[in-house]
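A.B. asks: What follows is data_34.cif; its format and atoms are mmCIF, C-alpha atoms.
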data_model
#
loop_
_atom_site.label_atom_id
_atom_site.label_comp_id
_atom_site.auth_asym_id
_atom_site.auth_seq_id
_atom_site.Cartn_x
_atom_site.Cartn_y
_atom_site.Cartn_z
CA MET O 1 51.10 74.36 211.74
CA SER O 2 54.61 73.56 210.68
CA CYS O 3 56.14 74.92 207.53
CA SER O 4 59.51 73.87 206.19
CA ARG O 5 61.73 76.37 204.41
CA ARG O 6 61.27 74.37 201.18
CA ASP O 7 57.43 74.55 201.42
CA PHE O 8 57.52 78.23 202.26
CA LEU O 9 59.61 79.06 199.17
CA LYS O 10 57.46 76.83 196.97
CA ASN O 11 54.26 78.52 198.09
CA THR O 12 55.73 81.97 197.69
CA VAL O 13 56.73 81.31 194.07
CA ALA O 14 53.36 79.72 193.30
CA GLY O 15 51.54 82.66 194.91
CA ALA O 16 53.54 85.21 192.95
CA ALA O 17 52.86 83.34 189.71
CA ALA O 18 49.13 83.22 190.47
CA ALA O 19 49.09 86.94 191.21
CA ALA O 20 50.73 87.64 187.86
CA MET O 21 48.08 85.62 185.97
CA PRO O 22 45.49 88.40 185.48
CA ALA O 23 48.17 90.54 183.82
CA CYS O 24 48.71 87.75 181.25
CA SER O 25 45.01 87.49 180.50
CA VAL O 26 44.80 91.11 179.30
CA ILE O 27 44.27 91.20 175.56
CA LEU O 28 46.71 93.43 173.75
CA ARG O 29 45.10 95.86 171.30
CA THR O 30 46.53 98.26 168.81
CA PRO O 31 46.01 101.94 169.65
CA ASP O 32 43.40 102.21 166.88
CA GLU O 33 41.43 99.29 168.27
CA ALA O 34 41.56 100.69 171.77
CA LYS O 35 40.38 104.09 170.52
CA ALA O 36 37.47 102.54 168.65
CA MET O 37 36.44 100.61 171.74
CA THR O 38 36.46 103.52 174.14
CA GLU O 39 34.84 105.98 171.75
CA GLY O 40 32.02 103.68 170.66
CA SER O 41 29.54 104.78 168.04
CA LYS O 42 29.67 108.30 166.64
CA VAL O 43 25.88 108.43 166.56
CA ARG O 44 23.27 108.26 169.32
CA TRP O 45 19.84 109.11 168.00
CA ALA O 46 17.52 111.17 170.14
CA PHE O 47 14.08 112.62 169.56
CA LEU O 48 12.76 116.00 170.62
CA VAL O 49 9.04 116.65 170.98
CA ASP O 50 7.84 120.20 171.48
CA THR O 51 4.38 119.79 172.99
CA GLU O 52 3.83 123.55 172.83
CA LYS O 53 3.92 123.37 169.04
CA CYS O 54 1.77 120.30 168.49
CA VAL O 55 -1.74 121.13 167.29
CA GLY O 56 -2.94 117.53 167.07
CA CYS O 57 -3.28 117.38 163.27
CA GLY O 58 -2.22 113.73 163.29
CA LEU O 59 -0.29 114.01 160.01
CA CYS O 60 2.63 112.30 161.74
CA VAL O 61 0.60 109.22 162.59
CA ASP O 62 -0.81 109.13 159.07
CA ALA O 63 2.66 109.34 157.52
CA CYS O 64 4.12 106.77 159.95
CA LYS O 65 1.50 104.17 159.09
CA THR O 66 2.09 104.59 155.37
CA GLU O 67 5.88 104.70 155.59
CA ASN O 68 6.22 101.69 157.87
CA GLU O 69 3.50 99.52 156.30
CA ILE O 70 1.29 99.33 159.36
CA PRO O 71 -2.21 98.39 158.12
CA TYR O 72 -4.06 101.69 157.91
CA GLU O 73 -7.36 100.53 159.37
CA ALA O 74 -5.87 98.35 162.12
CA PRO O 75 -6.20 99.90 165.59
CA VAL O 76 -2.43 99.84 166.17
CA SER O 77 0.25 102.40 165.45
CA ARG O 78 3.94 102.93 166.04
CA THR O 79 3.30 106.50 167.13
CA TRP O 80 0.23 108.25 168.41
CA VAL O 81 -1.01 111.63 169.61
CA GLU O 82 -2.80 112.05 172.91
CA ARG O 83 -5.12 114.90 173.77
CA TYR O 84 -5.26 116.08 177.37
CA VAL O 85 -8.10 118.27 178.56
CA VAL O 86 -7.84 119.52 182.13
CA THR O 87 -11.04 121.10 183.42
CA ARG O 88 -11.68 123.46 186.32
CA ASP O 89 -13.04 120.68 188.51
CA GLY O 90 -9.55 119.14 188.48
CA LYS O 91 -10.46 116.27 186.17
CA THR O 92 -8.14 115.24 183.34
CA ARG O 93 -9.59 113.66 180.25
CA VAL O 94 -7.30 111.89 177.80
CA ASP O 95 -8.14 110.48 174.40
CA SER O 96 -6.42 109.33 171.24
CA PRO O 97 -9.06 108.19 168.74
CA ASN O 98 -7.49 105.98 166.05
CA ALA O 99 -4.10 106.83 167.61
CA GLY O 100 -4.76 110.39 166.41
CA ARG O 101 -4.41 109.27 162.80
CA ASP O 102 -7.30 111.46 161.62
CA GLY O 103 -6.47 114.35 163.90
CA PHE O 104 -8.88 115.84 166.41
CA ILE O 105 -11.75 117.35 164.44
CA THR O 106 -14.30 117.62 167.18
CA GLY O 107 -14.36 119.11 170.66
CA GLU O 108 -16.00 115.93 171.91
CA ILE O 109 -13.76 113.83 174.09
CA ARG O 110 -14.81 110.24 174.89
CA GLY O 111 -18.39 111.09 173.95
CA GLU O 112 -18.46 114.09 176.22
CA GLU O 113 -18.84 117.65 175.01
CA ILE O 114 -16.89 120.04 177.22
CA ASP O 115 -17.72 123.71 177.54
CA PRO O 116 -14.60 125.69 176.48
CA GLU O 117 -15.23 127.93 179.48
CA ASP O 118 -14.55 125.00 181.82
CA ILE O 119 -11.16 124.16 180.33
CA ASP O 120 -8.13 125.16 182.35
CA LYS O 121 -5.66 123.78 179.90
CA ALA O 122 -5.70 121.42 176.95
CA PHE O 123 -2.87 120.21 174.80
CA PHE O 124 -1.59 117.45 172.56
CA VAL O 125 1.27 115.07 173.31
CA PRO O 126 2.81 112.94 170.56
CA LYS O 127 4.25 109.65 171.76
CA LEU O 128 6.54 107.06 170.22
CA CYS O 129 9.21 104.57 171.20
CA ASN O 130 11.68 106.13 173.64
CA GLN O 131 14.64 104.07 172.36
CA CYS O 132 15.75 103.67 175.99
CA ASP O 133 19.35 103.20 176.99
CA ASN O 134 18.17 100.45 179.35
CA PRO O 135 15.31 98.99 177.32
CA PRO O 136 13.18 96.63 179.47
CA CYS O 137 11.65 95.18 176.30
CA VAL O 138 15.07 93.92 175.22
CA GLN O 139 15.89 92.50 178.65
CA VAL O 140 12.87 90.21 178.62
CA CYS O 141 13.22 88.85 175.07
CA PRO O 142 13.94 85.13 175.51
CA VAL O 143 15.28 84.59 171.99
CA GLY O 144 17.40 87.65 171.19
CA ALA O 145 14.91 88.91 168.62
CA THR O 146 14.99 92.48 169.86
CA TYR O 147 18.15 94.40 170.49
CA GLN O 148 19.83 97.76 170.67
CA THR O 149 21.94 98.84 167.71
CA GLU O 150 25.18 100.68 168.34
CA ASP O 151 23.48 104.01 167.55
CA GLY O 152 20.93 103.43 170.29
CA VAL O 153 17.87 102.36 168.30
CA VAL O 154 15.98 99.28 169.47
CA LEU O 155 15.02 97.02 166.58
CA VAL O 156 12.92 93.87 166.26
CA ASP O 157 14.12 90.94 164.16
CA ARG O 158 10.91 89.78 162.48
CA GLU O 159 12.47 86.47 161.47
CA TRP O 160 13.64 85.72 164.99
CA CYS O 161 10.60 86.90 166.98
CA ILE O 162 8.49 84.02 168.28
CA GLY O 163 5.57 86.25 169.26
CA CYS O 164 5.61 85.50 172.99
CA GLY O 165 4.61 89.07 173.84
CA TYR O 166 6.91 89.50 176.85
CA CYS O 167 8.26 92.74 175.37
CA VAL O 168 4.75 94.08 174.80
CA MET O 169 4.10 93.66 178.52
CA ALA O 170 7.53 94.89 179.62
CA CYS O 171 7.47 98.28 177.90
CA PRO O 172 6.38 100.87 180.47
CA TYR O 173 5.37 103.23 177.67
CA GLY O 174 3.08 100.80 175.87
CA VAL O 175 4.68 101.38 172.49
CA ARG O 176 4.84 97.74 171.44
CA PHE O 177 2.12 95.75 169.73
CA PHE O 178 1.76 92.84 167.34
CA HIS O 179 1.99 93.56 163.64
CA PRO O 180 -1.33 92.37 162.19
CA VAL O 181 0.37 90.94 159.07
CA HIS O 182 3.75 89.66 160.26
CA LYS O 183 2.39 88.51 163.65
CA THR O 184 5.59 89.62 165.36
CA ALA O 185 6.35 92.32 167.92
CA GLU O 186 6.33 95.75 166.34
CA LYS O 187 7.48 99.18 167.46
CA CYS O 188 8.74 102.53 166.30
CA ASN O 189 12.37 102.35 165.20
CA PHE O 190 12.86 106.08 164.49
CA CYS O 191 12.42 105.13 160.78
CA TYR O 192 15.79 103.40 160.89
CA HIS O 193 15.86 102.94 157.12
CA ARG O 194 15.42 106.68 156.63
CA ILE O 195 17.72 108.12 159.31
CA THR O 196 20.60 105.84 158.37
CA ASP O 197 20.16 107.03 154.79
CA GLY O 198 20.33 110.73 155.67
CA LYS O 199 16.56 111.27 155.46
CA GLU O 200 14.22 112.60 158.12
CA ALA O 201 11.91 110.16 159.85
CA ALA O 202 8.46 110.07 158.24
CA CYS O 203 6.74 111.73 161.22
CA VAL O 204 9.42 114.40 161.46
CA GLN O 205 9.07 115.19 157.76
CA ALA O 206 5.29 115.21 157.95
CA CYS O 207 5.02 117.55 160.94
CA PRO O 208 4.20 121.05 159.65
CA PHE O 209 4.85 122.66 163.03
CA GLU O 210 8.30 121.27 163.82
CA ALA O 211 6.91 119.69 166.96
CA ARG O 212 8.90 116.57 166.15
CA ARG O 213 12.64 116.72 165.54
CA MET O 214 15.49 114.27 165.65
CA GLY O 215 19.20 114.62 166.25
CA ASN O 216 22.48 112.97 167.13
CA LEU O 217 23.44 113.33 170.79
CA ARG O 218 27.11 112.58 170.06
CA ASP O 219 27.36 115.65 167.84
CA PRO O 220 27.57 118.77 170.04
CA GLU O 221 26.83 121.02 167.04
CA ASP O 222 23.53 119.28 166.26
CA PRO O 223 20.69 121.82 166.78
CA VAL O 224 18.52 119.21 168.52
CA THR O 225 21.40 118.19 170.80
CA LYS O 226 21.87 121.85 171.70
CA VAL O 227 18.23 122.13 172.73
CA ILE O 228 18.42 118.92 174.78
CA THR O 229 21.61 119.97 176.55
CA ASN O 230 20.87 123.68 177.01
CA GLU O 231 17.13 123.86 177.55
CA ARG O 232 14.74 122.41 180.13
CA VAL O 233 13.63 119.09 178.77
CA GLN O 234 11.83 116.21 180.39
CA VAL O 235 11.43 112.52 179.71
CA LEU O 236 8.50 110.20 180.38
CA LYS O 237 8.54 107.94 183.45
CA ASP O 238 12.08 108.84 184.47
CA GLU O 239 11.59 106.89 187.71
CA TYR O 240 11.67 103.57 185.83
CA GLY O 241 15.37 104.03 185.14
CA THR O 242 14.98 103.16 181.49
CA LYS O 243 16.88 106.27 180.35
CA PRO O 244 14.49 107.22 177.55
CA HIS O 245 15.82 109.18 174.58
CA VAL O 246 12.66 110.98 173.56
CA PHE O 247 12.87 114.39 175.17
CA TYR O 248 9.89 116.65 175.71
CA LEU O 249 9.68 120.42 175.83
CA GLY O 250 6.76 121.88 177.78
CA LEU O 251 5.57 118.59 179.22
CA ASP O 252 2.78 118.86 181.76
CA GLU O 253 2.75 116.88 185.01
CA LYS O 254 -0.59 115.35 183.97
CA VAL O 255 1.14 113.48 181.16
CA ARG O 256 1.88 109.90 182.03
CA MET K 1 28.51 52.17 188.78
CA LYS K 2 25.59 49.92 187.76
CA THR K 3 24.46 49.99 184.11
CA HIS K 4 20.91 50.98 185.00
CA VAL K 5 22.38 54.20 186.38
CA LEU K 6 24.76 54.79 183.50
CA ARG K 7 22.26 54.12 180.70
CA PRO K 8 20.02 57.14 181.28
CA LEU K 9 23.15 59.22 181.77
CA TRP K 10 24.37 58.29 178.30
CA VAL K 11 20.94 59.10 176.87
CA ALA K 12 21.03 62.52 178.54
CA ILE K 13 24.54 63.23 177.27
CA ALA K 14 23.54 62.15 173.75
CA LEU K 15 20.51 64.45 173.86
CA VAL K 16 22.58 67.44 174.91
CA ALA K 17 25.14 66.66 172.19
CA LEU K 18 22.35 66.36 169.62
CA ILE K 19 20.87 69.71 170.61
CA LEU K 20 24.28 71.37 170.47
CA ILE K 21 24.95 69.94 167.00
CA ALA K 22 21.48 70.99 165.79
CA ARG K 23 22.11 74.46 167.19
CA MET K 24 25.25 74.78 165.07
CA PHE K 25 23.17 74.35 161.92
CA VAL K 26 20.06 76.30 162.93
CA VAL K 27 21.61 79.42 164.48
CA PRO K 28 23.15 81.71 161.84
CA ASP K 29 26.85 82.57 162.07
CA ASP K 30 26.21 86.24 162.72
CA PHE K 31 24.02 85.58 165.75
CA GLY K 32 25.73 86.60 168.96
CA VAL K 33 26.79 89.53 171.08
CA HIS K 34 27.54 92.59 168.92
CA GLY K 35 28.34 95.32 171.38
CA ASP K 36 29.26 95.48 175.02
CA SER K 37 26.20 94.01 176.65
CA PHE K 38 24.83 90.49 176.47
CA THR K 39 21.53 91.84 177.76
CA TYR K 40 21.01 94.42 175.03
CA ASN K 41 23.26 93.46 172.13
CA TYR K 42 22.54 89.75 171.63
CA TYR K 43 21.14 89.47 168.12
CA ARG K 44 21.42 88.51 164.46
CA LEU K 45 23.71 91.13 162.94
CA SER K 46 22.33 90.93 159.39
CA ASN K 47 18.95 92.09 160.67
CA VAL K 48 20.34 95.63 161.02
CA GLN K 49 21.00 95.71 157.28
CA GLU K 50 17.57 94.22 156.61
CA TRP K 51 15.99 97.16 158.40
CA LYS K 52 18.22 99.64 156.58
CA ASP K 53 16.98 98.16 153.29
CA PHE K 54 13.32 98.72 154.19
CA PRO K 55 11.80 100.73 151.32
CA ALA K 56 11.17 104.43 152.00
CA LYS K 57 7.87 105.85 150.74
CA TYR K 58 8.16 109.56 151.42
CA THR K 59 10.54 111.32 149.09
CA SER K 60 12.29 114.65 149.37
CA GLU K 61 10.57 117.98 148.74
CA LYS K 62 13.33 118.80 146.25
CA ARG K 63 12.20 115.91 144.10
CA CYS K 64 8.66 117.36 143.90
CA ARG K 65 10.05 120.74 142.89
CA ARG K 66 11.89 119.33 139.89
CA CYS K 67 8.60 119.08 137.95
CA HIS K 68 6.06 120.94 140.06
CA ASP K 69 7.98 124.12 140.69
CA GLU K 70 4.93 126.31 140.08
CA ASN K 71 2.69 124.82 142.75
CA ALA K 72 5.56 124.30 145.17
CA GLY K 73 6.61 127.93 144.72
CA LEU K 74 3.05 129.16 145.22
CA LEU K 75 2.78 127.12 148.42
CA GLN K 76 6.11 128.45 149.65
CA GLU K 77 4.86 132.05 149.34
CA SER K 78 1.55 131.35 151.03
CA LYS K 79 0.35 130.98 154.59
CA HIS K 80 0.56 127.25 154.01
CA ALA K 81 4.36 127.41 153.58
CA ARG K 82 4.81 125.13 156.56
CA LEU K 83 2.97 122.31 154.79
CA ARG K 84 4.82 119.70 152.76
CA CYS K 85 3.59 118.48 149.37
CA GLN K 86 3.21 114.95 150.70
CA ASN K 87 0.92 116.06 153.55
CA CYS K 88 -1.94 116.17 151.04
CA HIS K 89 -0.60 114.38 147.97
CA GLY K 90 0.64 111.29 149.78
CA PRO K 91 4.03 109.60 149.51
CA GLY K 92 5.97 110.34 146.34
CA ALA K 93 7.81 107.01 145.91
CA GLY K 94 7.01 105.39 142.58
CA HIS K 95 5.67 108.63 141.08
CA PRO K 96 5.55 109.27 138.18
CA LYS K 97 6.90 105.95 136.86
CA GLU K 98 4.62 103.41 138.51
CA ILE K 99 2.00 105.73 139.95
CA GLU K 100 1.10 108.24 137.27
CA THR K 101 -1.01 110.57 139.39
CA LEU K 102 -0.81 110.77 143.15
CA PRO K 103 -4.13 110.66 144.95
CA ILE K 104 -4.96 114.01 146.54
CA ASN K 105 -6.51 114.02 149.97
CA ALA K 106 -8.95 116.89 149.48
CA THR K 107 -11.52 115.84 152.04
CA ARG K 108 -13.00 118.28 154.53
CA GLU K 109 -11.66 116.11 157.32
CA HIS K 110 -8.13 116.61 156.07
CA CYS K 111 -8.40 120.40 156.35
CA LEU K 112 -10.20 120.16 159.66
CA ARG K 113 -7.18 118.43 161.19
CA CYS K 114 -5.83 121.92 161.76
CA HIS K 115 -8.77 124.20 160.97
CA HIS K 116 -11.49 122.79 163.18
CA ARG K 117 -11.46 125.42 165.87
CA LEU K 118 -10.39 124.08 169.24
CA ALA K 119 -9.82 127.06 171.50
CA TYR K 120 -7.37 125.29 173.78
CA PRO K 121 -5.67 127.86 175.99
CA SER K 122 -2.25 126.19 176.25
CA SER K 123 -1.93 124.82 172.74
CA GLN K 124 -1.07 126.56 169.48
CA ARG K 125 -4.13 124.90 167.99
CA GLY K 126 -6.19 127.79 169.34
CA ASP K 127 -4.10 130.30 167.38
CA LEU K 128 -4.77 128.70 163.99
CA PRO K 129 -7.58 130.14 161.86
CA GLY K 130 -10.46 127.77 162.47
CA ILE K 131 -14.11 127.07 161.89
CA ASP K 132 -16.71 124.81 163.42
CA GLY K 133 -16.55 121.81 161.12
CA ALA K 134 -20.10 120.82 161.95
CA LYS K 135 -21.58 124.20 160.95
CA HIS K 136 -19.42 126.00 158.35
CA LYS K 137 -20.56 125.10 154.76
CA LYS K 138 -21.43 121.60 155.79
CA ASN K 139 -20.57 118.70 153.44
CA LYS K 140 -18.76 120.98 151.01
CA GLU K 141 -15.14 120.42 150.04
CA CYS K 142 -13.04 123.28 151.38
CA ARG K 143 -11.12 123.69 148.13
CA LYS K 144 -14.33 124.71 146.31
CA CYS K 145 -13.73 128.15 147.85
CA HIS K 146 -10.24 128.07 149.40
CA ASP K 147 -7.16 127.33 147.30
CA PRO K 148 -4.95 125.07 149.42
CA HIS K 149 -1.83 126.30 147.59
CA HIS K 150 -2.75 129.90 148.26
CA PRO K 151 -5.23 130.05 151.10
CA ASP K 152 -5.53 133.81 151.42
CA LEU K 153 -9.06 134.95 152.26
CA GLU K 154 -8.48 138.41 150.74
CA ASP K 155 -7.75 136.97 147.30
CA MET K 156 -10.81 134.75 147.32
#
Show me the file's structure as structure tokens.
C.D. replies:
Amino acid sequence: MSCSRRDFLKNTVAGAAAAAMPACSVILRTPDEAKAMTEGSKVRWAFLVDTEKCVGCGLCVDACKTENEIPYEAPVSRTWVERYVVTRDGKTRVDSPNAGRDGFITGEIRGEEIDPEDIDKAFFVPKLCNQCDNPPCVQVCPVGATYQTEDGVVLVDREWCIGCGYCVMACPYGVRFFHPVHKTAEKCNFCYHRITDGKEAACVQACPFEARRMGNLRDPEDPVTKVITNERVQVLKDEYGTKPHVFYLGLDEKVR
Amino acid sequence: MKTHVLRPLWVAIALVALILIARMFVVPDDFGVHGDSFTYNYYRLSNVQEWKDFPAKYTSEKRCRRCHDENAGLLQESKHARLRCQNCHGPGAGHPKEIETLPINATREHCLRCHHRLAYPSSQRGDLPGIDGAKHKKNKECRKCHDPHHPDLEDM
């Protein structure tokens, strides 16, 4: 290959100009803008469930349905309470009649009466939307009807939802369902209207045993954040990589 | 190129243009990426405000105390201090203006939520004072004997 001096110089200048291009494409921002972009939101909501404290009264489910206008008699709920009964023979029985809305007022579990002597351990686990950092339900939405707000809560746009149900299938925690009245995808949103207004979520307010609490992970002085950072907490289905933001204290390995 | 090749091409281009123009009118201005991820932050921005405007039903405990200081005070002193007014009286929004009296949930089943004895070894449920709902004073409302605002057995 021959290369004249003229061509060599030409190419060198062109190459240098091309190399300088990316530097030109950088957008200049004021220091305030840059600060706002790197810091992001000052709020990241997180939920703390203390399963040791839950007695399965179901007042949270009751309050949630009323607060969020989920038809009371419909067999769907944004949050629910599960009862786990582990017996000596190694069997685990789980139930959540009416999503736990009416509490657990009988020892009978799925039509089976269990002798208290046979029970190794039994406990209640409240569940709700995990407001994941990597929400699979949002990834699959074909129309942009569900999304993550800047404070980490996943919301559903009822006007935009086409009711395809992909998100219902995608959620590994099974928290999504169709709203019987609006016919759109529905899920817990941490009572977004309440928490952004300085109120407690309906379930948090209704819980007499402080088994449900909520806090801001970006605030190191928040009592809930302190528990999450300093104590041994667990999340559900960590292996899915969804980065859930509902943290559990005293979670048993039987809980799925 | 021959016209029979070009003609369908023009039709296709016109269709795409039509869809793009229609999209401009149908999709609201605030629909787009609001955040750093197309995957998670692609939405209609005004929907966030719509959710914030959702009406709250449960009011603050302070609001109850403004008029019902006596009962609230009694409850606060009792073993039921952990309970909130609205656990039994229902949501306070609209009371007293639109809803003059709040419905009280005084059913047996409501009390049994906590007080049906379930002796579960690893749950605090077992530590709560409890009865067998199927046997203890069957079909009778609990409040006929027990005052929910002051549920002390010694004062009965």
A.B. asks: Counting only C-alpha atoms, a student should be able to say which residues of chain K come within 8 Å of chain O; what is the right answer, written as an mmCIF file with C-alpha atoms, in the coordinates of the input?
C.D. replies:
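Final output, part_26.cif:
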data_model
loop_
_atom_site.group_PDB
_atom_site.id
_atom_site.type_symbol
_atom_site.label_atom_id
_atom_site.label_comp_id
_atom_site.auth_asym_id
_atom_site.auth_seq_id
_atom_site.Cartn_x
_atom_site.Cartn_y
_atom_site.Cartn_z
ATOM 1 C CA GLY K 35 28.340 95.320 171.380
ATOM 2 C CA THR K 39 21.530 91.840 177.760
ATOM 3 C CA TYR K 40 21.010 94.420 175.030
ATOM 4 C CA ASN K 41 23.260 93.460 172.130
ATOM 5 C CA TYR K 42 22.540 89.750 171.630
ATOM 6 C CA TYR K 43 21.140 89.470 168.120
ATOM 7 C CA ARG K 44 21.420 88.510 164.460
ATOM 8 C CA ASN K 47 18.950 92.090 160.670
ATOM 9 C CA VAL K 48 20.340 95.630 161.020
ATOM 10 C CA TRP K 51 15.990 97.160 158.400
ATOM 11 C CA LYS K 52 18.220 99.640 156.580
ATOM 12 C CA ASP K 53 16.980 98.160 153.290
ATOM 13 C CA PHE K 54 13.320 98.720 154.190
ATOM 14 C CA PRO K 55 11.800 100.730 151.320
ATOM 15 C CA ALA K 56 11.170 104.430 152.000
ATOM 16 C CA LYS K 57 7.870 105.850 150.740
ATOM 17 C CA TYR K 58 8.160 109.560 151.420
ATOM 18 C CA ARG K 82 4.810 125.130 156.560
ATOM 19 C CA LEU K 83 2.970 122.310 154.790
ATOM 20 C CA ARG K 84 4.820 119.700 152.760
ATOM 21 C CA GLN K 86 3.210 114.950 150.700
ATOM 22 C CA ASN K 87 0.920 116.060 153.550
ATOM 23 C CA PRO K 91 4.030 109.600 149.510
ATOM 24 C CA GLU K 109 -11.660 116.110 157.320
ATOM 25 C CA HIS K 110 -8.130 116.610 156.070
ATOM 26 C CA LEU K 112 -10.200 120.160 159.660
ATOM 27 C CA ARG K 113 -7.180 118.430 161.190
ATOM 28 C CA CYS K 114 -5.830 121.920 161.760
ATOM 29 C CA HIS K 116 -11.490 122.790 163.180
ATOM 30 C CA LEU K 118 -10.390 124.080 169.240
ATOM 31 C CA ALA K 119 -9.820 127.060 171.500
ATOM 32 C CA TYR K 120 -7.370 125.290 173.780
ATOM 33 C CA PRO K 121 -5.670 127.860 175.990
ATOM 34 C CA SER K 122 -2.250 126.190 176.250
ATOM 35 C CA SER K 123 -1.930 124.820 172.740
ATOM 36 C CA GLN K 124 -1.070 126.560 169.480
ATOM 37 C CA ARG K 125 -4.130 124.900 167.990
ATOM 38 C CA GLY K 133 -16.550 121.810 161.120
#
A.B. asks: Please, what distance in Å, to one decimal, runs between CA of Phe247 in chain O and CA of Phe47 in chain O?
C.D. replies: 6.0 Å
A.B. asks: For a test of reading the model, state the distance in Å between CA of Ala99 in chain O and CA of His179 in chain O, rounded to one decimal.
C.D. replies: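 Distance reported for this atom pair: 15.1 Å.
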A.B. asks: Quote the spacing between CA of Val181 in chain O and CA of Pro28 in chain K in Å to one decimal place.
C.D. replies: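 Those two atoms sit 24.7 Å apart.
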A.B. asks: Write out as a tab-separated table (two decimals) with C-alpha atoms, in the frame of the given file the residues lying within 8 Å of range 138-141 of chain K, counting all atoms listed in the file and excluding same-chain residues fewer than 2 positions away.
C.D. replies:
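Writing the result to part00.tsv gives the following:
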chain	number	residue	atom	x	y	z
K	106	ALA	CA	-8.95	116.89	149.48
K	107	THR	CA	-11.52	115.84	152.04
K	108	ARG	CA	-13.00	118.28	154.53
K	133	GLY	CA	-16.55	121.81	161.12
K	134	ALA	CA	-20.10	120.82	161.95
K	135	LYS	CA	-21.58	124.20	160.95
K	136	HIS	CA	-19.42	126.00	158.35
K	143	ARG	CA	-11.12	123.69	148.13
K	144	LYS	CA	-14.33	124.71	146.31
A.B. asks: Would you list the residues near (5.4, 97.9, 167.6) (no more than 6 Å away, in the coordinates of the file, using only C-alpha atoms) as a ChimeraX atom specification?
C.D. replies: /O:78,176-177,185-188
A.B. asks: Around all the atoms of range 59-64 of chain O listed in the file, draw an axis-aligned box and extend it by 8 Å on each of the six sides; I want its centre and edge lengths in Å to one decimal, as JSON.
C.D. replies:
{"center_x": 1.7, "center_y": 110.4, "center_z": 160.1, "size_x": 20.9, "size_y": 23.2, "size_z": 21.1}
